[in-house]
Amino acid sequence: MDYKYLAELLFPHVTLGPEDMEKRYPPRNLPEGAVVSRHAPSPTGYVHLGNIVQSLTSERVCHQSGGVMYLRIEDTDTKREVKGAVGALIDSLAHYKIKFDEGATADGEIGAYGPYRQRQRRDIYHVYAKHLVLQGKAYPCFCTAGELEAIREHQRAEKANLGYWGPWAVWRDRPFEDIENALKADRPWVLRFRSSGSIKNKYKFYDLIKGEIDITENEIDIVLLKSDGIPTYHFAHVVDDHLMRTTHVIRADEWIASLPVHIQLFRALGFKLPEYAHIGPIMIMDGSSKRKISKRKDPQFGLIYYKKSGYPVEAVYEYVLTILNSNFEDWRRANPDAPAEKFPFSLRKMNPAGSLFDAAKLSDISKNVVSKMTADKIYADLLEWAKEFEPPFATALSADPEYAKAIISIGRGGKKPRKDYGTWAELREYMRLFYYDTFTIVDKYPEGADKDDIKATLKRFLETYDPADEQGVWFAKIKSIASSLGYAAEMKEYKANPGAWRGSVADISMFLRVALTGKLSSPDMYAVMQILGKTRVRQRLEAMLSRLG
RNA sequence: GGCCCGUUGGUCAAGCGGUUAAGACACCGCCCUUUCACGGCGGUAACGGGAGUUCGACUCUCCCACGGGUCACCA
């Protein structure tokens with residue numbers, strides 16, 4: 001077989017060789033130990049938790065080592081592409097504090113190792129494709145989809161391993177005339193790799209997360225170039241990561257199955273193998289069994305879910321960090337106020353298995369994160385959220401920022417801040433009672449509550465109520481109402497002998513609380529009254545009075 | 001079916017031949033307390049099964065079971 005002639009026939013337009021590529025993309029000038037890695041999504045327009053998990057891992061490893069993090073767009077599958085997806089992806093990731101040093105941008109790119117969109121790298125792949133043909137390591141295959149399916153059918157019947165390999169690789173050793181004729185007939189072709197591997201050969205490989213794994217050599221003649229001349233993932237991965245001088249390939253572990261192919265290609269092309277780190281999938285509880293979290297069934301997988309629910313980005317960031325490196329929690333306790341970026345992230349601490357998505361944990365982290373924010377920051381984030389998802393609420397918030405901030409400030413700061421809400425949607429519910437238009441009685445008075453006592457409490461409170469009272473004076477008044485109605489003013493006395501009173505000051509407080517907040521539970525009632533102000537307090541108490549008749 | 005990965009309490013997980021097998025979330029109880037939230041104290045709860053190796057296995061080896069991934073001109 002005259003490989004040189006075949007190569008010219010297949011790639012007449014390719015004049016450059018691998019050495020030209022080496023010159024164009026020289027090794028990076030980085031200090032020892034600097035990691036170069038990337039996020040390499042396909043632009044489907046759907047940004048999900050998996051994107052954060054993978055890109056955050058890469059980003060941390062790169063930037064902690066003084067290396068380079070870049071964004072490469074894997075747009076080799078034209079069918080899946082969605083316009084505007086790249087910009088949306090970059091925005092989303094930036095929102096979650098994941099920034100790139102080089103690579104694709106919404107409308108262009110930065111960096112010296114581009115292009116960073118694979119479809120624009122066609123000529124580069126063809127240089128290596130031609131080079132492989134020249135060496136007899138690749139050949140054209142003219143099988144149609146139907147023919148390939150027939151082969152698989154046959155293999156299933158014979159219980160043979162599926163795939164285009166060995167004796168089933170019908171174009172692998174075709175006479176040159178057949179190839180030439182097919183080419184002349186203008187039949188579409190793909191370029192396949194001529195595998196010299198055997199599934200009988202196994203060797204050990206070290207993955208940075210999984211540890212030592214067993215590799216069985218690949219013997220399938222995989223497709224390098226599709227019939228439109230665009231490379232498959234495998235070929236693009238090997239060429240790009242070599243030329244872009246990637247030192248660490250960090251990706252989801254569904255790729256581990258094709259690792260033998262990738263290693264094989266790196267060797268065939270004479271490239272140095274990068275380090276690999278395969279991340280376990282995020283699982284979800286489905287009934288009583290675990291399964292991989294899915295974009296179709298699980299809304300929590302899409303990042304839009306967190307935005308809509310109003311999870312602070314810091315909370316999602318910390319949650320993901322907790323999943324990736326569980327010692328992050330210990331670190332956080334030891335460094336409660338340090339930026340999360342200071343955490344020493346480590347691939348070695350990552351669990352080789354997939355971890356389960358835990359909504360309760362996210363919620364807990366979120367409450368803690370929010371409890372440490374300032375009222376100004378919360379107000380700003382809440383307003384931004386409301387503008388997008390609850391416009392009427394946004395209007396109410398903007399109408400009186402100081403009022404809103406006063407509500408947000410209840411129990412904030414100090415050593416033991418309240419943790420009432422972890423999301424902006426929860427905060428909106430929490431704030432509801434402060435906005436008269438949406439004020440509703442949610443909880444009724446309990447069965448045993450004496451209607452006359454309630455009315456008497458509200459009336460007497462109204463008579464003595466003075467917004468200027470200090471909290472001590474204010475509560476003393478409530479205690480005195482309790483005493484006058486036969487309720488214990490001191491809880492200790494009440495608990496010692498409950499039968500001696502009609503109830504306690506806790507009941508009296510509850511009478512007021514329901515009228516004031518519509519609920520049996522609320523934040524500190526003194527603070528609530530201070531914020532509501534004299535007018536609203538009177539209105540609500542009077543409204544309840546007239547309701548009770 | 002072939003190949004590969006995984007398996008410590010309900011969940012996230014420390015552990016890396018000798019531990020009373022951490023901690024966090026969730027749950028339960030008590031305390032604090034005018035309710036709630038916070039906080040404090042305490043509690044329930046785990047090494048998938050079986051053979052080895054070893055004086056000694058959660059830790060090493062093998063087999064099995066279960067869960068997951070992958071076998072495309074998708075990434």
# chains A, B, ... in the order shown; residues from 1 in each chain; ligands from 1
$ closest_atom_pairs --of "chain A" --to "chain B" --cutoff "7 Å" --atoms "only C-alpha atoms (C1' of nucleotides)" --output "Markdown table"
| residue | atom | partner | partner_atom | distance |
| --- | --- | --- | --- | --- |
| A:Ser42 | CA | B:A75 | C1' | 6.6 |
| A:Asp77 | CA | B:C74 | C1' | 6.9 |
| A:Asn161 | CA | B:G2 | C1' | 6.0 |
| A:Leu162 | CA | B:C71 | C1' | 6.8 |
| A:Val190 | CA | B:C73 | C1' | 6.8 |
| A:Lys226 | CA | B:C73 | C1' | 4.6 |
| A:Ser227 | CA | B:C73 | C1' | 6.1 |
| A:Tyr233 | CA | B:A75 | C1' | 6.4 |
| A:Glu254 | CA | B:G69 | C1' | 5.5 |
| A:Ala257 | CA | B:U70 | C1' | 5.3 |
| A:Ser326 | CA | B:A13 | C1' | 6.6 |
| A:Ala353 | CA | B:G6 | C1' | 5.4 |
| A:Asp358 | CA | B:U11 | C1' | 6.6 |
| A:Ala360 | CA | B:C25 | C1' | 6.8 |
| A:Lys361 | CA | B:C25 | C1' | 5.3 |
| A:Lys416 | CA | B:C38 | C1' | 5.5 |
| A:Pro417 | CA | B:C38 | C1' | 6.0 |
| A:Arg418 | CA | B:C38 | C1' | 5.0 |
| A:Lys419 | CA | B:A37 | C1' | 6.0 |
| A:Asp420 | CA | B:A37 | C1' | 5.8 |
| A:Val505 | CA | B:U34 | C1' | 6.1 |
| A:Ala506 | CA | B:U34 | C1' | 4.4 |
| A:Ser509 | CA | B:U34 | C1' | 5.5 |
| A:Met510 | CA | B:U35 | C1' | 6.7 |
| A:Leu520 | CA | B:U35 | C1' | 6.3 |
| A:Ser521 | CA | B:C36 | C1' | 4.6 |
| A:Ser522 | CA | B:C36 | C1' | 5.2 |
| A:Pro523 | CA | B:C36 | C1' | 6.1 |
$ select_by_dssp --residues "region 308-416 of chain A" --states "alpha helix (DSSP H)" --output "MDAnalysis selection string"
chainID A and resid 308:309 313:324 328:334 359:371 375:389 391:399 401:408
$ select_by_dssp --residues "region 104-247 of chain A" --states "strand (DSSP E or B)" --output "VMD selection string"
chain A and resid 104 109 to 110 117 138 to 141 165 190 to 193 202 to 207 211 to 216 220 223 to 225 231
$ write_last_selection --atoms "N, CA and C atoms" --output "CSV table (one decimal), in the first residue's frame"
chain,number,residue,atom,x,y,z
A,104,ALA,N,-12.2,30.6,24.8
A,104,ALA,CA,-13.4,31.2,24.1
A,104,ALA,C,-14.0,32.2,25.0
A,109,GLU,N,-12.3,35.3,21.4
A,109,GLU,CA,-11.4,34.4,22.3
A,109,GLU,C,-10.2,35.2,22.6
A,110,ILE,N,-9.5,34.7,23.7
A,110,ILE,CA,-8.2,35.3,24.1
A,110,ILE,C,-7.2,34.2,24.3
A,117,ARG,N,-12.4,27.0,19.6
A,117,ARG,CA,-13.6,26.4,19.2
A,117,ARG,C,-13.2,25.3,18.2
A,138,ALA,N,-3.9,5.1,10.0
A,138,ALA,CA,-5.4,5.5,9.8
A,138,ALA,C,-5.7,5.2,8.3
A,139,TYR,N,-7.0,5.0,8.1
A,139,TYR,CA,-7.5,4.6,6.8
A,139,TYR,C,-8.9,5.0,6.6
A,140,PRO,N,-9.4,5.2,5.4
A,140,PRO,CA,-10.7,5.6,5.2
A,140,PRO,C,-11.7,4.4,5.2
A,141,CYS,N,-12.9,4.7,5.7
A,141,CYS,CA,-13.9,3.6,5.8
A,141,CYS,C,-15.2,4.1,5.1
A,165,TRP,N,-13.9,-3.8,14.7
A,165,TRP,CA,-12.6,-4.2,15.1
A,165,TRP,C,-12.1,-5.5,14.3
A,190,VAL,N,-15.3,8.1,6.4
A,190,VAL,CA,-14.8,8.5,7.7
A,190,VAL,C,-13.4,8.0,7.8
A,191,LEU,N,-12.6,8.7,8.6
A,191,LEU,CA,-11.2,8.2,8.8
A,191,LEU,C,-11.2,7.4,10.1
A,192,ARG,N,-10.7,6.2,10.0
A,192,ARG,CA,-10.6,5.4,11.2
A,192,ARG,C,-9.1,5.1,11.6
A,193,PHE,N,-9.0,4.9,12.9
A,193,PHE,CA,-7.6,4.6,13.4
A,193,PHE,C,-7.4,3.1,13.2
A,202,LYS,N,-3.3,-6.1,29.1
A,202,LYS,CA,-3.8,-5.2,30.2
A,202,LYS,C,-2.6,-4.5,30.8
A,203,TYR,N,-2.9,-3.3,31.4
A,203,TYR,CA,-1.8,-2.7,32.1
A,203,TYR,C,-2.4,-1.7,33.2
A,204,LYS,N,-1.6,-1.3,34.1
A,204,LYS,CA,-2.0,-0.4,35.1
A,204,LYS,C,-1.9,1.1,34.7
A,205,PHE,N,-2.8,1.9,35.2
A,205,PHE,CA,-2.7,3.3,34.9
A,205,PHE,C,-3.1,4.0,36.2
A,206,TYR,N,-2.4,5.2,36.4
A,206,TYR,CA,-2.7,5.9,37.6
A,206,TYR,C,-3.5,7.1,37.4
A,207,ASP,N,-4.7,7.1,37.9
A,207,ASP,CA,-5.6,8.2,37.8
A,207,ASP,C,-5.5,9.0,39.1
A,211,GLY,N,-7.1,6.6,41.5
A,211,GLY,CA,-5.9,5.8,41.9
A,211,GLY,C,-5.5,4.8,40.8
A,212,GLU,N,-5.0,3.7,41.2
A,212,GLU,CA,-4.6,2.7,40.1
A,212,GLU,C,-5.8,2.0,39.5
A,213,ILE,N,-5.8,2.1,38.2
A,213,ILE,CA,-6.9,1.4,37.5
A,213,ILE,C,-6.4,0.4,36.4
A,214,ASP,N,-7.1,-0.6,36.1
A,214,ASP,CA,-6.7,-1.5,35.1
A,214,ASP,C,-7.2,-1.1,33.8
A,215,ILE,N,-6.3,-1.1,32.8
A,215,ILE,CA,-6.7,-0.7,31.4
A,215,ILE,C,-6.6,-2.0,30.6
A,216,THR,N,-7.6,-2.2,29.8
A,216,THR,CA,-7.5,-3.2,28.7
A,216,THR,C,-7.4,-2.5,27.4
A,220,ILE,N,-10.7,-1.5,18.9
A,220,ILE,CA,-11.7,-1.0,17.9
A,220,ILE,C,-11.0,0.1,17.1
A,223,VAL,N,-13.5,6.0,15.0
A,223,VAL,CA,-13.5,7.1,14.0
A,223,VAL,C,-12.7,8.3,14.5
A,224,LEU,N,-11.9,8.8,13.6
A,224,LEU,CA,-11.1,9.9,13.9
A,224,LEU,C,-11.7,11.2,13.4
A,225,LEU,N,-12.1,11.1,12.1
A,225,LEU,CA,-12.8,12.2,11.4
A,225,LEU,C,-14.1,11.7,10.9
A,231,PRO,N,-13.6,16.2,13.5
A,231,PRO,CA,-13.1,15.1,14.3
A,231,PRO,C,-14.1,14.7,15.4
$ atom_distance --atom1 "CA of Arg432 (chain A)" --atom2 "CA of Ala482 (chain A)"
28.9 Å
$ residues_around --residues "Val442 (chain A)" --least-positions-apart "5" --cutoff "10 Å" --atoms "only C-alpha atoms (C1' of nucleotides)" --output "count of residues only"
6
$ residues_around --residues "G42 (chain B)" --least-positions-apart "5" --cutoff "12 Å" --atoms "only C-alpha atoms (C1' of nucleotides)" --output "list in words"
C28, G29, C30 and C31 of chain B
$ residues_around --residues "region 453-464 of chain A" --least-positions-apart "6" --cutoff "7 Å" --atoms "only C-alpha atoms (C1' of nucleotides)" --output "ChimeraX atom specification"
/A:481,508,511-512,538,541,545
$ write_last_selection --atoms "N, CA, C and O atoms" --output "compact mmCIF listing (two decimals), in the first residue's frame"
# COMPACT_ATOMS: atom_id res chain seq x y z
N ILE A 481 -50.15 42.85 82.06
CA ILE A 481 -51.43 42.41 81.48
C ILE A 481 -51.67 40.96 81.89
O ILE A 481 -52.78 40.57 82.27
N ILE A 508 -50.02 35.08 76.71
CA ILE A 508 -50.35 36.48 76.43
C ILE A 508 -49.57 36.97 75.21
O ILE A 508 -50.11 37.62 74.32
N PHE A 511 -51.12 35.66 72.12
CA PHE A 511 -52.33 36.38 71.70
C PHE A 511 -51.94 37.57 70.82
O PHE A 511 -52.55 37.83 69.79
N LEU A 512 -50.93 38.28 71.28
CA LEU A 512 -50.46 39.44 70.52
C LEU A 512 -49.80 39.04 69.20
O LEU A 512 -50.01 39.66 68.17
N ARG A 538 -51.18 49.20 65.60
CA ARG A 538 -52.55 49.51 66.03
C ARG A 538 -53.56 48.91 65.05
O ARG A 538 -54.55 48.30 65.44
N LEU A 541 -53.86 45.09 65.49
CA LEU A 541 -54.50 44.68 66.73
C LEU A 541 -56.00 44.99 66.69
O LEU A 541 -56.83 44.19 67.09
N LEU A 545 -59.29 42.55 66.80
CA LEU A 545 -60.35 42.81 67.77
C LEU A 545 -61.72 42.79 67.09
O LEU A 545 -62.66 42.14 67.56
